[in-house]
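Chemist: To start, I am sharing the structure in question, which I have written as structure tokens.
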Amino acid sequence: MHNFTITELIDGLKNRVFSSTEITQHFLSRIKTLDPAFNSVITLTEDQAIEAARLADQQLAKGDSAPLCGIPVLHKDIFCTNGVRTSCGSKMLDNFVPPYDATVVENFKTSGAIMLGKTNMDEFAMGSSNETSFYGPVKNPWATNSVPGGSSGGSAAAIAARLAPGATATDTGGSIRQPAALCGITGLKPTYGRVSRWGMIAFASSLDQGGPMARTAEDCALLLNCMASYDQKDSTCVDRPVPNYSANLGDSVKGLRIGIPKEYFSEGLNAGTEKAVRESLAEYEKMGAELVEISLPNTGLSVPAYYVIAPAEASANLSRFDGVKYGHRCDNPKDLEDLYRRTRAEGFGDEVQRRILIGTYCLSAGYYDAYYGKAQQVRELIRQDFTQAFEKVDLIMGPTCPSPAFEFGSKGNDPVAMYLEDIYTISTNLAGLPGMSLPCGMVDNKPVGLQIIGNYFDEARMLNAAHQFQQVTDWHTQAPEGIES
Amino acid sequence: MNWETVIGLEVHVQLATKTKIFSAASTAFGAEPNTQACAIDLAMPGTLPVVNQQAIDYAVMFGLAIDAEIGKTSVFERKNYFYPDLPKGYQTTQLEQPVVGPGTVDIQLDNGDTKSVRIHHAHLEEDAGKSLHEGDFRSGVSGIDLNRAGTPLIEIVSEPDMSNAQEAVAFAKKLHSIVTSLGICDGEMSQGSMRFDVNISVRPQGEEKLGTRTETKNLNSFKFMEDAIHLEVERQIDVLEDGGEIKQETRLYNGETKVARSMRSKEEANDYRYFPCPDLLPVVISDEHVEQLRSKLPELPDAKQQRFIEQYDLSEYDAGVLSTHAAIANYFEKTATHSKNAKLTANWVSGELSARLNTESLSIGQSPVSAEQLAGLIVRIADNSISSKMAKQVFDGIWNGEGDADQIIEKRGLKQVSDSGALESMVAEVLASNQAMVDDYINTDPDKRKKKLGGFMGQIMKASKGQANPQQVSQILAKKLAELL
Amino acid sequence: MSIEKQTIENLATLARLEIDDQRVEEISQRLGSVLELVDQLQAADTNNLTDNSHTPLATQRLREDKVTESNQRDAFQAIAPDTEDGLYLVPKVID
């Protein structure tokens, strides 16, 4: 049952092959038995899930049901869930139970989906390996000595391990696409402004974007149909109708112009990864697409620009965690300064503190122009690179990350080595463009991801191209060993 | 040495919107603590701001009123600092691109001259909450009430164009007059609706270079402001004359004890790390919208003063006094329409009525004497039914709720005797019964006889119980005495 | 590249983070290596960029001035560390 895609589960529910209660219980019991090995789910909402499934079954019996009625999903623990702890992977919010839902969570409720629980993540979404979580690292189901990627590592690993058919995730510099690639699943970061950020705990507001993760592009389309909405509560959310992302999945890719940025195939790219990606591109050629070499000359500057802008925004976004209104508070503060300084030093992990300090530095008097001002200009250069590219091509493709899942601790003490993991994904966040990753090969029994970058609001075309690829390949159907049982 | 004082003001004006600048929580004054602080105001994780249209419009109206450039594109920024009454750890404000650019405000000086004070800019921002240092909570702690957090403010920043306390107060009063006339602020100083920060420096007469300035913060009455300026100017001159140096610092003035001190917490050099708020987009105000607001702008104090001079034939001074407060101006106009005697109305509104309201700390809106009632009184003064002395008694009667002017005149028998037959016999009677005084009058040197008239007047008025019309009496008396010579 | 201890302490004060002496060295090194990375920005040629700040891609949507929030103090204060009498409590604030 856990090998069914969401599309297949919807069919099964409609045709009474199984009930929502049955599939919900099946996934809950898989989480309970299998997840101790992966640590991907940090809060299980078993009772609510079973109750919601019962109600879904009643709805299904009436035949009048919402699009995802009875489908179990997991939410990344960055999305606020009314009455359910929302930790953001941090000790700071270990005791935080919000009295409100994120818009994304609300949209899933409206669509009839069942929340199974909340997934592990890098603390405040700051990380590319899931090693910064207060709840301990998530292990990659393909190789438990390796990272699942981050920051949405919990959601990615849970889907790879068939603990849920779909999950929500967020992407600030690659946090959907990189773990999707490393765990061999499909994930999509929509255009900035397509999915509401209301109730999604902010890391870097101008870069953060929620999106779906599932095993197939077809399932991602179904999830995005419900996730995307125009939300008046988020000023950066775009007032634009949400298309039916499932409608054109079957279209041919014949004549599709695919741009191949030469900068994405340079030094630092693992040879196996490159081979898998090139073979996938050849697959597209076979289907009638046209490959066009392009240049995104400022790709190299994306990582430095990101590591100014994201920490700068984060340094302000995380100031609200001060031990006064909610969350962690240090014991016996001797005065106000002590309350602030100890609460924050105890509540935030090392990487979060480091990024707050970097952001504070980049914004401080005398450094603003050289860092923040310059980074914003570079961001504009990167945006222009893409605008020019999309005059010539319909989609851009390349590797999602430089190499397959690395082993825990292997990036050593240098944060920069970890930051370079996001070199191919960061520029789309800076430009606000949509990007996705889908499985396209294996290296040393670890999955490789193919990245597709689209023009603004061109998610339907990306999903169509990804779906067509998944019609002629079977990488997305492969499962880690020992998961099948 | 002669010293010259240089003063600039930063004025915080609370806008009279129903809701906060970034949330839909009420701004009503005086609610139970934290009952008007919603999730956004409390900076709950994942919450996002949306800008209140009315706050923008009010700011634009102020800009139009001072003939300022309107920022067609204005940008909100984050000003970062930690304080318990600032829930996000940053204040959302404007810096580089404020909504109102340079403008001017004309003030009238005591010598009748007009002086222009330049406005550097005015920007929109959110108010902070309140820290309470004592209350029904345990000692050693402060209580935080965030009801006020997020109330929209415009901060009006003047150039250092004022050179003494009188000018600063005149400027502050003029701003009060403008914002209340526009209806964008309720002007309730006691509720903190307008707060003044005063930047003060002194320099030797003739010196070009400005001296080091201090900022005295949060003065919430004109009187406190005046006192605080005198105190600070004296202090600075004392320090300099003793060979000392002025330290740039923030000071706090206590209006009760009339003592100012340096603010400890603000002493440490602050680095606010301003940067554009990524949760908000630039606010764009179209020319059409600006014109629409301009067309609906209420009459401003200066225009009103001019009209009062022309329409009611008032002196510049009277017109000035009556046009300063929109509510007083309205009261005056209503009264004048009914009384058909603008000059007398002006005297009564700015004289007796204002004095009485002032003594009893009432606003014009709370006046127990309605405009119609005052008009009724004025009609009786104008037609000589009562003397001005009696009018004061009648006014007291109306104030105390005894009825309209005519009812009180009737009930108390205050009607002035203007019947010439009755007055003639009254005069004749007094002359007849005071032969000694008449003889004295006749024997007095003709040049000095005028001085003796007072004695007769007193006797006649006493005989009439004060009801005789004094002008008529004096004419009749003069005539009768002449006949006796 | 490493950052001076004094700088780290200033940043820690601005960001209100307690950093004891043992951590300063490590933080200084790690921040230094990140700053080396971001210093690559200085090489970027941004001279030909037109100033886009005055023509925003999207503009702020404005909300009608209508009260739609109701009192939820109990729910919010149920998750607060220290409250009394409807107020959030903090160590004494000294101006």
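Going through the structure tokens in order, the chains are called A, B, and so on, while each chain numbers its residues from 1 and the ligands are numbered from 1 in the order shown.
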Tell me, as a CSV table (one decimal) with C-alpha atoms, in the first residue's frame, which residues lie within 9 Å of range 36-49 of chain C, counting only C-alpha atoms; anything in the same chain fewer than 3 positions away does not count.

Modeler:
chain,number,residue,atom,x,y,z
A,298,ASN,CA,27.2,35.1,-12.2
A,301,LEU,CA,28.6,34.9,-6.9
A,303,VAL,CA,26.7,31.7,-2.8
A,304,PRO,CA,28.5,34.8,-1.4
A,305,ALA,CA,25.4,36.9,-2.1
A,306,TYR,CA,23.2,34.4,-0.4
A,307,TYR,CA,25.4,34.2,2.7
A,308,VAL,CA,25.0,37.9,3.1
A,370,ALA,CA,30.0,46.6,1.1
A,371,TYR,CA,28.0,43.6,2.1
A,374,LYS,CA,26.5,44.8,-2.9
A,375,ALA,CA,24.8,41.5,-2.4
A,377,GLN,CA,23.2,44.3,-6.6
A,378,VAL,CA,24.6,40.9,-7.3
A,380,GLU,CA,20.0,41.8,-9.6
A,381,LEU,CA,22.8,40.6,-11.9
A,416,VAL,CA,31.8,27.2,3.8
C,1,MET,CA,41.0,35.3,8.2
C,31,LEU,CA,32.9,33.7,10.9
C,32,GLY,CA,36.2,34.6,9.3
C,33,SER,CA,35.9,31.8,6.8
C,52,ASN,CA,15.9,49.5,-10.0

Chemist: Please, which residues of chain A lie no more than 6 Å from chain C when the count uses only C-alpha atoms, and can they be set out as a PyMOL selection string?

Modeler: chain A and resi 304+325-326+335-336+340-342+344-345

Chemist: Write the residues of the selection above to a file with N, CA, C and O atoms, as a compact mmCIF listing (two decimals), in the first residue's frame.

Modeler:
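After the write, result.txt holds the following:
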# COMPACT_ATOMS: atom_id res chain seq x y z
N PRO A 304 28.15 33.62 -2.26
CA PRO A 304 28.46 34.76 -1.39
C PRO A 304 27.29 35.74 -1.21
O PRO A 304 27.08 36.24 -0.10
N LYS A 325 7.54 36.38 25.05
CA LYS A 325 6.16 36.08 24.66
C LYS A 325 5.86 34.59 24.53
O LYS A 325 4.71 34.16 24.65
N TYR A 326 6.86 33.80 24.17
CA TYR A 326 6.66 32.36 23.93
C TYR A 326 8.03 31.72 23.85
O TYR A 326 9.05 32.41 23.79
N ASP A 335 18.87 40.07 35.13
CA ASP A 335 18.30 41.33 34.65
C ASP A 335 17.85 41.12 33.20
O ASP A 335 17.94 40.00 32.67
N LEU A 336 17.38 42.18 32.59
CA LEU A 336 16.81 42.07 31.25
C LEU A 336 17.84 41.58 30.22
O LEU A 336 17.57 40.70 29.40
N TYR A 340 17.75 38.15 27.84
CA TYR A 340 17.93 38.08 26.39
C TYR A 340 19.10 37.18 26.01
O TYR A 340 18.98 36.26 25.21
N ARG A 341 20.25 37.47 26.61
CA ARG A 341 21.49 36.84 26.14
C ARG A 341 21.53 35.35 26.46
O ARG A 341 21.98 34.55 25.64
N ARG A 342 21.07 34.99 27.64
CA ARG A 342 21.12 33.56 27.96
C ARG A 342 20.01 32.79 27.27
O ARG A 342 20.22 31.68 26.78
N ARG A 344 18.72 33.35 24.42
CA ARG A 344 19.05 33.15 23.01
C ARG A 344 20.26 32.23 22.82
O ARG A 344 20.31 31.44 21.88
N ALA A 345 21.22 32.32 23.76
CA ALA A 345 22.39 31.44 23.64
C ALA A 345 22.00 29.99 23.94
O ALA A 345 22.54 29.06 23.34

Chemist: Any idea which chain B residues end up within 7 Å of chain C if we count only C-alpha atoms, as a ChimeraX atom specification please?

Modeler: /B:17-19,24-26,33-36,38,50-54,73,136-137,140-145,263-265,280-284

Chemist: Quick one: contact table of chain A to chain B, 9 Å max, nearest atom pair and distance in Å to one decimal per residue, counting only C-alpha atoms, chain and number order, as a tab-separated table?

Modeler:
residue	atom	partner	partner_atom	distance
A:Ile78	CA	B:Gly46	CA	8.6
A:Phe79	CA	B:Gly46	CA	7.9
A:Cys80	CA	B:Gly46	CA	7.2
A:Pro98	CA	B:Met44	CA	8.3
A:Tyr100	CA	B:Ala39	CA	8.9
A:Ala102	CA	B:Gly46	CA	7.5
A:Arg197	CA	B:Gly46	CA	7.3
A:Trp198	CA	B:Gly46	CA	5.7
A:Gly199	CA	B:Gly46	CA	3.9
A:Met200	CA	B:Gly46	CA	4.7
A:Ile201	CA	B:Gly46	CA	4.1
A:Ala202	CA	B:Gly46	CA	5.9
A:Ala204	CA	B:Pro278	CA	8.3
A:Ser205	CA	B:Pro278	CA	5.7
A:Ser206	CA	B:Pro278	CA	5.4
A:Gln232	CA	B:Val50	CA	7.9
A:Lys233	CA	B:Val50	CA	6.5
A:Asp234	CA	B:Leu48	CA	6.0
A:Ser235	CA	B:Val50	CA	5.8
A:Thr236	CA	B:Asp279	CA	6.6
A:Ala312	CA	B:Phe275	CA	8.8
A:Glu313	CA	B:Pro278	CA	7.6
A:Ala316	CA	B:Asn80	CA	6.8
A:Asn317	CA	B:Lys88	CA	7.6
A:Leu318	CA	B:Gly89	CA	8.2
A:Ser319	CA	B:Gly89	CA	4.8
A:Arg320	CA	B:Lys88	CA	4.3
A:Phe321	CA	B:Lys88	CA	8.1
A:Asp322	CA	B:Gly89	CA	8.1
A:Val324	CA	B:Pro84	CA	7.3
A:Lys325	CA	B:Leu42	CA	7.3
A:Tyr326	CA	B:Met44	CA	8.0
A:Leu336	CA	B:Pro84	CA	8.6
A:Tyr340	CA	B:Phe82	CA	8.4
A:Thr360	CA	B:Arg273	CA	7.5
A:Cys362	CA	B:Arg273	CA	8.8
A:Leu363	CA	B:Arg273	CA	5.1
A:Ser364	CA	B:Arg273	CA	5.1
A:Ala365	CA	B:Asp271	CA	6.4
A:Tyr368	CA	B:Arg273	CA	8.0
A:Tyr372	CA	B:Phe275	CA	8.5

Chemist: Of the candidates A:Ile483, A:Ile423, A:Ala61, A:Ile309, which one gets nearest to Asp35 in chain A if we count only C-alpha atoms?

Modeler: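 Going through A:Ile483, A:Ile423, A:Ala61, A:Ile309 one by one, the smallest distance to Asp35 in chain A is for A:Ile483.
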
Chemist: What is the CA of Ile364 in chain B-CA of Thr180 in chain B distance in Å, reported with one decimal?

Modeler: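 Between CA of Ile364 in chain B and CA of Thr180 in chain B the gap works out to 13.2 Å.
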
Chemist: Go ahead and compute the interatomic distance for CA of Ala463 in chain B and CA of Asp396 in chain B, in Å to one decimal.

Modeler: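 CA of Asp396 in chain B lies 24.4 Å from CA of Ala463 in chain B.
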
Chemist: Could you find all residues in range 245-338 of chain A that DSSP calls alpha helix (DSSP H) from the backbone, and write them as a VMD selection string?

Modeler: chain A and resid 271 to 286 299 to 317 336 to 338

Chemist: Among range 126-276 of chain B, which ones does DSSP assign to strand (DSSP E or B) (computed from the backbone)? Answer as a ChimeraX atom specification.

Modeler: /B:126,130-132,141-145,152-158,162,194-204,214-219,250-254,259-262,275-276

Chemist: Pick out the residues sitting within 9 Å of Thr93 in chain B, and hand them over as a VMD selection string; count only C-alpha atoms, and ignore anything fewer than 3 positions along from it in its own chain.

Modeler: chain B and resid 75 to 79 98 123 to 126 277
